[in-house]
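Enquirer: This is the content of structure.txt (compact mmCIF, N, CA and C atoms):
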```txt
# COMPACT_ATOMS: atom_id res chain seq x y z
N MET X 17 -12.05 -48.98 -29.35
CA MET X 17 -10.92 -49.79 -29.76
C MET X 17 -11.00 -49.98 -31.27
N SER X 18 -9.84 -49.95 -31.91
CA SER X 18 -9.77 -50.23 -33.33
C SER X 18 -8.45 -50.92 -33.64
N ILE X 19 -8.40 -51.59 -34.79
CA ILE X 19 -7.19 -52.28 -35.19
C ILE X 19 -6.73 -51.76 -36.55
N GLY X 20 -5.46 -51.97 -36.82
CA GLY X 20 -4.91 -51.61 -38.12
C GLY X 20 -3.78 -52.55 -38.46
N THR X 21 -3.58 -52.78 -39.72
CA THR X 21 -2.46 -53.61 -40.18
C THR X 21 -1.94 -53.04 -41.49
N ASP X 22 -0.66 -53.30 -41.75
CA ASP X 22 -0.08 -52.86 -43.01
C ASP X 22 1.07 -53.79 -43.36
N ILE X 23 1.19 -54.09 -44.64
CA ILE X 23 2.32 -54.86 -45.15
C ILE X 23 3.02 -54.00 -46.20
N LEU X 24 4.34 -54.05 -46.19
CA LEU X 24 5.13 -53.17 -47.04
C LEU X 24 6.17 -54.00 -47.80
N TYR X 25 6.28 -53.76 -49.08
CA TYR X 25 7.31 -54.39 -49.91
C TYR X 25 8.59 -53.57 -49.77
N ILE X 26 9.56 -54.12 -49.08
CA ILE X 26 10.76 -53.38 -48.70
C ILE X 26 11.56 -52.86 -49.91
N PRO X 27 11.74 -53.63 -50.99
CA PRO X 27 12.47 -53.07 -52.14
C PRO X 27 11.82 -51.80 -52.71
N ARG X 28 10.51 -51.71 -52.64
CA ARG X 28 9.83 -50.49 -53.12
C ARG X 28 10.19 -49.29 -52.23
N LEU X 29 10.18 -49.50 -50.91
CA LEU X 29 10.57 -48.42 -50.00
C LEU X 29 12.02 -48.02 -50.24
N ASN X 30 12.88 -48.99 -50.44
CA ASN X 30 14.29 -48.70 -50.70
C ASN X 30 14.45 -47.81 -51.93
N LYS X 31 13.70 -48.10 -52.97
CA LYS X 31 13.74 -47.29 -54.20
C LYS X 31 13.25 -45.87 -53.93
N ILE X 32 12.18 -45.75 -53.15
CA ILE X 32 11.65 -44.42 -52.82
C ILE X 32 12.69 -43.62 -52.05
N ILE X 33 13.32 -44.24 -51.06
CA ILE X 33 14.32 -43.55 -50.24
C ILE X 33 15.49 -43.09 -51.10
N LYS X 34 15.95 -43.95 -52.00
CA LYS X 34 17.09 -43.59 -52.85
C LYS X 34 16.75 -42.48 -53.84
N ASN X 35 15.50 -42.44 -54.33
CA ASN X 35 15.11 -41.47 -55.34
C ASN X 35 14.56 -40.17 -54.78
N ASN X 36 14.26 -40.14 -53.49
CA ASN X 36 13.64 -38.96 -52.89
C ASN X 36 14.31 -38.71 -51.54
N LYS X 37 15.35 -37.91 -51.54
CA LYS X 37 16.16 -37.68 -50.32
C LYS X 37 15.36 -37.01 -49.20
N SER X 38 14.30 -36.29 -49.52
CA SER X 38 13.52 -35.62 -48.48
C SER X 38 12.47 -36.54 -47.85
N PHE X 39 12.26 -37.70 -48.42
CA PHE X 39 11.24 -38.63 -47.92
C PHE X 39 11.44 -38.95 -46.45
N ILE X 40 12.66 -39.30 -46.07
CA ILE X 40 12.93 -39.71 -44.69
C ILE X 40 12.58 -38.60 -43.70
N LYS X 41 12.94 -37.38 -44.00
CA LYS X 41 12.66 -36.27 -43.09
C LYS X 41 11.17 -35.94 -43.01
N LYS X 42 10.41 -36.30 -44.04
CA LYS X 42 8.97 -36.07 -44.04
C LYS X 42 8.21 -37.13 -43.25
N VAL X 43 8.80 -38.29 -43.07
CA VAL X 43 8.09 -39.43 -42.49
C VAL X 43 8.49 -39.71 -41.04
N TYR X 44 9.77 -39.59 -40.72
CA TYR X 44 10.29 -40.05 -39.43
C TYR X 44 10.60 -38.88 -38.50
N THR X 45 10.38 -39.10 -37.20
CA THR X 45 10.66 -38.06 -36.21
C THR X 45 12.16 -37.97 -35.95
N ASN X 46 12.57 -36.92 -35.28
CA ASN X 46 13.99 -36.75 -34.96
C ASN X 46 14.53 -37.92 -34.13
N LYS X 47 13.75 -38.40 -33.16
CA LYS X 47 14.19 -39.54 -32.35
C LYS X 47 14.36 -40.79 -33.21
N GLU X 48 13.43 -41.02 -34.12
CA GLU X 48 13.53 -42.17 -35.00
C GLU X 48 14.77 -42.06 -35.89
N LEU X 49 15.04 -40.88 -36.40
CA LEU X 49 16.22 -40.67 -37.25
C LEU X 49 17.51 -40.87 -36.47
N GLU X 50 17.54 -40.43 -35.21
CA GLU X 50 18.72 -40.64 -34.37
C GLU X 50 19.02 -42.13 -34.23
N ILE X 51 17.98 -42.92 -33.99
CA ILE X 51 18.16 -44.37 -33.86
C ILE X 51 18.62 -44.97 -35.19
N ALA X 52 17.97 -44.61 -36.26
CA ALA X 52 18.31 -45.14 -37.59
C ALA X 52 19.76 -44.84 -37.94
N ASN X 53 20.25 -43.68 -37.55
CA ASN X 53 21.63 -43.29 -37.86
C ASN X 53 22.66 -44.11 -37.11
N THR X 54 22.26 -44.85 -36.10
CA THR X 54 23.20 -45.71 -35.37
C THR X 54 23.29 -47.11 -35.98
N LEU X 55 22.42 -47.41 -36.93
CA LEU X 55 22.35 -48.75 -37.51
C LEU X 55 23.20 -48.85 -38.79
N PRO X 56 23.86 -50.00 -38.99
CA PRO X 56 24.66 -50.15 -40.21
C PRO X 56 23.80 -50.16 -41.48
N ASN X 57 22.61 -50.72 -41.40
CA ASN X 57 21.67 -50.73 -42.52
C ASN X 57 20.28 -50.43 -41.97
N PRO X 58 19.86 -49.18 -42.01
CA PRO X 58 18.58 -48.81 -41.39
C PRO X 58 17.33 -49.14 -42.21
N LEU X 59 17.47 -49.79 -43.36
CA LEU X 59 16.32 -50.03 -44.23
C LEU X 59 15.20 -50.78 -43.52
N TYR X 60 15.53 -51.84 -42.77
CA TYR X 60 14.48 -52.61 -42.09
C TYR X 60 13.85 -51.80 -40.97
N PHE X 61 14.62 -50.95 -40.33
CA PHE X 61 14.09 -50.03 -39.32
C PHE X 61 13.06 -49.11 -39.98
N TYR X 62 13.45 -48.49 -41.09
CA TYR X 62 12.53 -47.60 -41.79
C TYR X 62 11.28 -48.35 -42.26
N ALA X 63 11.46 -49.55 -42.77
CA ALA X 63 10.33 -50.32 -43.31
C ALA X 63 9.33 -50.69 -42.22
N THR X 64 9.80 -51.21 -41.10
CA THR X 64 8.86 -51.60 -40.04
C THR X 64 8.17 -50.38 -39.45
N ARG X 65 8.88 -49.29 -39.30
CA ARG X 65 8.26 -48.06 -38.76
C ARG X 65 7.24 -47.49 -39.74
N PHE X 66 7.56 -47.52 -41.02
CA PHE X 66 6.60 -47.01 -42.00
C PHE X 66 5.32 -47.87 -41.98
N ALA X 67 5.48 -49.18 -41.96
CA ALA X 67 4.31 -50.07 -41.90
C ALA X 67 3.51 -49.81 -40.64
N ALA X 68 4.19 -49.60 -39.52
CA ALA X 68 3.49 -49.32 -38.26
C ALA X 68 2.71 -48.01 -38.33
N LYS X 69 3.32 -46.99 -38.88
CA LYS X 69 2.64 -45.70 -39.00
C LYS X 69 1.40 -45.83 -39.89
N GLU X 70 1.52 -46.57 -40.99
CA GLU X 70 0.38 -46.78 -41.87
C GLU X 70 -0.73 -47.56 -41.16
N ALA X 71 -0.36 -48.57 -40.39
CA ALA X 71 -1.36 -49.35 -39.64
C ALA X 71 -2.08 -48.45 -38.63
N ILE X 72 -1.35 -47.59 -37.97
CA ILE X 72 -1.95 -46.68 -36.97
C ILE X 72 -2.85 -45.66 -37.67
N ILE X 73 -2.44 -45.16 -38.80
CA ILE X 73 -3.30 -44.24 -39.55
C ILE X 73 -4.60 -44.92 -39.94
N LYS X 74 -4.52 -46.17 -40.35
CA LYS X 74 -5.74 -46.92 -40.68
C LYS X 74 -6.62 -47.10 -39.45
N ALA X 75 -6.01 -47.44 -38.33
CA ALA X 75 -6.78 -47.68 -37.11
C ALA X 75 -7.43 -46.41 -36.56
N THR X 76 -6.84 -45.27 -36.86
CA THR X 76 -7.37 -43.99 -36.35
C THR X 76 -8.12 -43.21 -37.42
N ASN X 77 -8.48 -43.88 -38.49
CA ASN X 77 -9.23 -43.25 -39.58
C ASN X 77 -8.56 -42.00 -40.14
N GLY X 78 -7.23 -42.02 -40.19
CA GLY X 78 -6.49 -40.92 -40.81
C GLY X 78 -6.42 -39.65 -40.01
N LEU X 79 -6.60 -39.74 -38.70
CA LEU X 79 -6.59 -38.53 -37.87
C LEU X 79 -5.19 -37.92 -37.70
N TYR X 80 -4.17 -38.71 -37.95
CA TYR X 80 -2.79 -38.25 -37.71
C TYR X 80 -1.97 -38.44 -38.97
N ASP X 81 -0.93 -37.63 -39.10
CA ASP X 81 -0.04 -37.84 -40.24
C ASP X 81 1.19 -38.64 -39.78
N LEU X 82 1.98 -39.05 -40.73
CA LEU X 82 3.10 -39.95 -40.45
C LEU X 82 4.06 -39.40 -39.40
N LYS X 83 4.33 -38.14 -39.44
CA LYS X 83 5.33 -37.56 -38.53
C LYS X 83 4.79 -37.31 -37.13
N GLU X 84 3.47 -37.37 -36.94
CA GLU X 84 2.89 -37.24 -35.60
C GLU X 84 2.96 -38.56 -34.83
N ILE X 85 3.26 -39.63 -35.53
CA ILE X 85 3.33 -40.96 -34.93
C ILE X 85 4.79 -41.32 -34.76
N GLU X 86 5.14 -41.71 -33.53
CA GLU X 86 6.53 -42.06 -33.25
C GLU X 86 6.60 -43.51 -32.77
N ILE X 87 7.51 -44.27 -33.38
CA ILE X 87 7.68 -45.68 -33.06
C ILE X 87 9.06 -45.85 -32.43
N LEU X 88 9.07 -46.28 -31.17
CA LEU X 88 10.32 -46.48 -30.45
C LEU X 88 10.32 -47.88 -29.85
N LYS X 89 11.34 -48.21 -29.04
CA LYS X 89 11.42 -49.51 -28.38
C LYS X 89 11.60 -49.33 -26.88
N GLU X 90 10.98 -50.23 -26.14
CA GLU X 90 11.24 -50.30 -24.71
C GLU X 90 12.62 -50.91 -24.49
N LYS X 91 13.14 -50.87 -23.27
CA LYS X 91 14.44 -51.47 -22.98
C LYS X 91 14.45 -52.96 -23.31
N SER X 92 13.32 -53.61 -23.20
CA SER X 92 13.21 -55.04 -23.50
C SER X 92 13.29 -55.32 -25.00
N GLY X 93 13.16 -54.29 -25.82
CA GLY X 93 13.16 -54.45 -27.27
C GLY X 93 11.77 -54.42 -27.88
N LYS X 94 10.74 -54.47 -27.02
CA LYS X 94 9.36 -54.44 -27.51
C LYS X 94 9.06 -53.06 -28.12
N PRO X 95 8.53 -53.03 -29.34
CA PRO X 95 8.21 -51.74 -29.94
C PRO X 95 6.97 -51.11 -29.29
N PHE X 96 6.96 -49.80 -29.26
CA PHE X 96 5.76 -49.10 -28.82
C PHE X 96 5.60 -47.85 -29.68
N ALA X 97 4.39 -47.38 -29.71
CA ALA X 97 4.09 -46.20 -30.51
C ALA X 97 3.32 -45.21 -29.66
N HIS X 98 3.48 -43.96 -30.00
CA HIS X 98 2.64 -42.93 -29.39
C HIS X 98 2.40 -41.82 -30.40
N ILE X 99 1.33 -41.12 -30.15
CA ILE X 99 1.00 -39.95 -30.96
C ILE X 99 1.60 -38.75 -30.24
N ILE X 100 2.43 -38.00 -30.93
CA ILE X 100 3.07 -36.85 -30.31
C ILE X 100 1.99 -35.85 -29.90
N ASN X 101 2.09 -35.37 -28.67
CA ASN X 101 1.16 -34.40 -28.08
C ASN X 101 -0.25 -34.95 -27.89
N ASN X 102 -0.38 -36.28 -27.74
CA ASN X 102 -1.68 -36.86 -27.42
C ASN X 102 -1.46 -38.02 -26.45
N GLU X 103 -1.76 -37.78 -25.19
CA GLU X 103 -1.55 -38.78 -24.15
C GLU X 103 -2.79 -39.66 -23.94
N ASN X 104 -3.85 -39.43 -24.69
CA ASN X 104 -5.11 -40.16 -24.48
C ASN X 104 -5.23 -41.44 -25.31
N ILE X 105 -4.25 -41.71 -26.13
CA ILE X 105 -4.32 -42.88 -27.00
C ILE X 105 -3.27 -43.90 -26.58
N ILE X 106 -3.68 -45.15 -26.48
CA ILE X 106 -2.79 -46.27 -26.18
C ILE X 106 -2.68 -47.12 -27.43
N ILE X 107 -1.45 -47.42 -27.84
CA ILE X 107 -1.23 -48.19 -29.06
C ILE X 107 -0.41 -49.43 -28.72
N ASP X 108 -1.01 -50.60 -28.90
CA ASP X 108 -0.27 -51.86 -28.80
C ASP X 108 0.18 -52.21 -30.20
N LEU X 109 1.43 -52.66 -30.32
CA LEU X 109 2.04 -52.78 -31.63
C LEU X 109 2.85 -54.05 -31.77
N SER X 110 2.77 -54.66 -32.94
CA SER X 110 3.62 -55.80 -33.28
C SER X 110 4.22 -55.55 -34.65
N LEU X 111 5.55 -55.75 -34.77
CA LEU X 111 6.27 -55.53 -36.02
C LEU X 111 7.04 -56.77 -36.40
N SER X 112 7.17 -57.01 -37.70
CA SER X 112 7.97 -58.13 -38.17
C SER X 112 8.44 -57.84 -39.58
N PHE X 113 9.52 -58.52 -40.00
CA PHE X 113 10.02 -58.36 -41.36
C PHE X 113 10.81 -59.59 -41.77
N ASP X 114 10.95 -59.75 -43.09
CA ASP X 114 11.88 -60.71 -43.65
C ASP X 114 12.67 -59.96 -44.72
N ASN X 115 13.24 -60.62 -45.67
CA ASN X 115 14.05 -59.92 -46.67
C ASN X 115 13.26 -58.98 -47.55
N GLU X 116 12.00 -59.30 -47.82
CA GLU X 116 11.24 -58.49 -48.78
C GLU X 116 10.03 -57.75 -48.21
N TYR X 117 9.52 -58.18 -47.06
CA TYR X 117 8.29 -57.58 -46.54
C TYR X 117 8.43 -57.20 -45.07
N ALA X 118 7.79 -56.10 -44.74
CA ALA X 118 7.63 -55.68 -43.35
C ALA X 118 6.13 -55.65 -43.08
N ILE X 119 5.75 -56.03 -41.87
CA ILE X 119 4.34 -56.02 -41.51
C ILE X 119 4.19 -55.42 -40.11
N ALA X 120 3.08 -54.75 -39.93
CA ALA X 120 2.76 -54.16 -38.63
C ALA X 120 1.29 -54.39 -38.32
N PHE X 121 1.02 -54.63 -37.06
CA PHE X 121 -0.35 -54.80 -36.58
C PHE X 121 -0.47 -53.96 -35.31
N CYS X 122 -1.57 -53.22 -35.19
CA CYS X 122 -1.76 -52.40 -33.99
C CYS X 122 -3.21 -52.49 -33.48
N ILE X 123 -3.30 -52.27 -32.20
CA ILE X 123 -4.61 -52.09 -31.54
C ILE X 123 -4.55 -50.73 -30.87
N VAL X 124 -5.51 -49.90 -31.18
CA VAL X 124 -5.54 -48.54 -30.66
C VAL X 124 -6.75 -48.42 -29.72
N THR X 125 -6.51 -47.96 -28.50
CA THR X 125 -7.57 -47.70 -27.54
C THR X 125 -7.36 -46.29 -26.96
N THR X 126 -8.40 -45.79 -26.34
CA THR X 126 -8.28 -44.50 -25.68
C THR X 126 -8.36 -44.70 -24.18
N LYS X 127 -7.65 -43.84 -23.46
CA LYS X 127 -7.69 -43.89 -22.00
C LYS X 127 -9.03 -43.41 -21.51
N LYS X 128 -9.48 -44.01 -20.42
CA LYS X 128 -10.76 -43.60 -19.85
C LYS X 128 -10.57 -42.58 -18.77
```
Show the structure stored in the file as structure tokens.
Expert:
Amino acid sequence: MSIGTDILYIPRLNKIIKNNKSFIKKVYTNKELEIANTLPNPLYFYATRFAAKEAIIKATNGLYDLKEIEILKEKSGKPFAHIINNENIIIDLSLSFDNEYAIAFCIVTTKK
């Protein structure tokens, strides 16, 4: 078991997105982009997912890159994460944001 956390300054991410059009495609999966495209302002979606991916990378000692990690929601609205093509890892996830910061906390365990 391991834990990870990340806090992100949302205005900084907004600047990166505006100045680097390829950033989004390098970081987010196709499913994540489909969801983001349905939102009137996807910035908070991008921010919380980026923070979550960074927290998971920290918890897994950098074994995965940003695009291998997918952050989605259950029907209840609870976020969940999984590593694409790896069914042996369980990730519990909590996300939050306000106007300027997004934060993510995760607990990563492996199936027995």
Enquirer: Using only C-alpha atoms, which of X:Val124, X:Ile107, X:Ala118, X:Ile85 sits nearest Lys47 of chain X?
Expert: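 The answer is X:Ile85, which sits nearest to Lys47 of chain X.
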Enquirer: Give me the residues near segment 17-31 of chain X as a ChimeraX atom specification, where near means some atom within 8 Å (using all atoms listed in the file) and where sequence neighbours in that chain fewer than 3 positions away do not count.
Expert: /X:34-36,59-60,62-64,66-76,114-126
Enquirer: Atom CA of Asn104 of chain X and atom CA of Lys127 of chain X are how many Å apart?
Expert: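 So the two atoms, atom CA of Asn104 of chain X and atom CA of Lys127 of chain X, lie 5.2 Å apart.
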Enquirer: What are the DSSP alpha helix (DSSP H) residues of segment 54-95 of chain X, as a PyMOL selection string?
Expert: chain X and resi 59-75
Enquirer: Based on the backbone DSSP call, show me all residues of chain X assigned strand (DSSP E), as a PyMOL selection string.
Expert: chain X and resi 18-25+85-89+95-99+102-113+117-126
Enquirer: Would you mind telling me which residue in X:Thr45, X:Arg65, X:Lys128, X:Phe113 lies nearest to Lys83 of chain X when using only N, CA and C atoms?
Expert: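 Residue with the minimum atom-to-atom distance to Lys83 of chain X: X:Thr45.
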Enquirer: Work out how far atom N of Glu50 of chain X is from atom C of Ile100 of chain X, in Å to one decimal.
Expert: 17.1 Å
Enquirer: So, counting all atoms listed in the file, which residue among X:Lys94, X:Ile32, X:Gly78, X:Asn46 is closest to Ser110 of chain X?
Expert: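 Looking only at the distances to Ser110 of chain X, the closest residue turns out to be X:Lys94.
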Enquirer: For the atom pair atom N of Ile105 of chain X and atom CA of Leu79 of chain X, what is the interatomic distance in Å to one decimal place?
Expert: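 One can read the atom N of Ile105 of chain X to atom CA of Leu79 of chain X distance as 12.4 Å.
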